[in-house]
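Report on the following structure.
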Amino acid sequence: MYLSQLDVEGFRSLSRVSVALDRDVSVLVGENSGGKTNVIDALRLLTDPVDGRRNLYLDRDDLFRGSGCGQVMLRATYTGSAEDLAAYQHAAGPDLDRLLYTMRYIPPGPGQARGQVDWVAGSGADPCDPPGPPHPCPPGQANRLR
């Protein structure tokens, strides 16, 4: 199983971007201040560090400054064999050929100190999926993949 696509909306300099990743090696190439580091930071926010010590968190300053919906959406799409994906059926897309995890960050409102972070797995994690209720990640399931 591997991360095959990273979708980012409303994060720092990235209004909306979709990055296709190769099974073996992917290389980000671009101009200075083109958003390469923001793509890497989005990936870091979606995954747990190897040493288990997180030092990167979303906050109000991470919101895209242009017009938009005022939230950050990060989506990871994982692809693999049916055998690889079987343990994560709660996150399977409608065709059971991919896993979807979406993290949404809504900044704090007036009088609030922290924003809200929601994780959604499977159908409902992708706006292109058929309508239906979103499936919040079962306790501990998001960490199994990250």
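Convention: chains lettered A, B, ... in structure tokens order; per-chain residue numbering from 1; ligands numbered from 1 as shown.
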Can you build me a table of range 48-89 of chain A residues sitting at most 9 Å from range 9-14 of chain A, with the closest atom pair per residue and its distance in Å to one decimal, using only C-alpha atoms, sorted by chain and residue number, as CSV?
```
residue,atom,partner,partner_atom,distance
A:Asp61,CA,A:Arg12,CA,7.5
A:Asp62,CA,A:Arg12,CA,4.8
A:Leu63,CA,A:Phe11,CA,5.2
A:Phe64,CA,A:Arg12,CA,4.6
A:Arg65,CA,A:Arg12,CA,7.2
A:Gly66,CA,A:Gly10,CA,8.5
A:Gly68,CA,A:Gly10,CA,7.0
A:Cys69,CA,A:Gly10,CA,7.8
A:Gly70,CA,A:Gly10,CA,7.3
A:Gln71,CA,A:Gly10,CA,6.2
A:Val72,CA,A:Gly10,CA,4.8
A:Met73,CA,A:Glu9,CA,5.1
A:Leu74,CA,A:Glu9,CA,6.5
A:Arg75,CA,A:Glu9,CA,8.8
```
Test item: residues at most 8 Å from range 79-85 of chain A, only C-alpha atoms, excluding those fewer than 3 positions along its chain, as a VMD selection string
chain A and resid 1 to 4 88 to 89 92 96 to 99
Might you pull out every residue within 10 Å of Arg114 in chain A, with only C-alpha atoms counted and same-chain residues fewer than 6 positions away left off, and present them as a PyMOL selection string?
chain A and resi 58-60+106-108
Going by DSSP on the backbone, which residues of chain A come out as strand (DSSP E)? List them as a PyMOL selection string.
chain A and resi 2-11+14-20+72-79+98-106+116-121+135-136
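Counting only C-alpha atoms, the residue from A:Leu56, A:Ala91, A:Leu100, A:Leu28 that sits nearest to Asp7 in chain A is A:Leu100.
Distance check against Thr47 in chain A using only C-alpha atoms: of A:Val8, A:Glu31, A:Tyr101, A:Pro110, the minimum falls on A:Tyr101.
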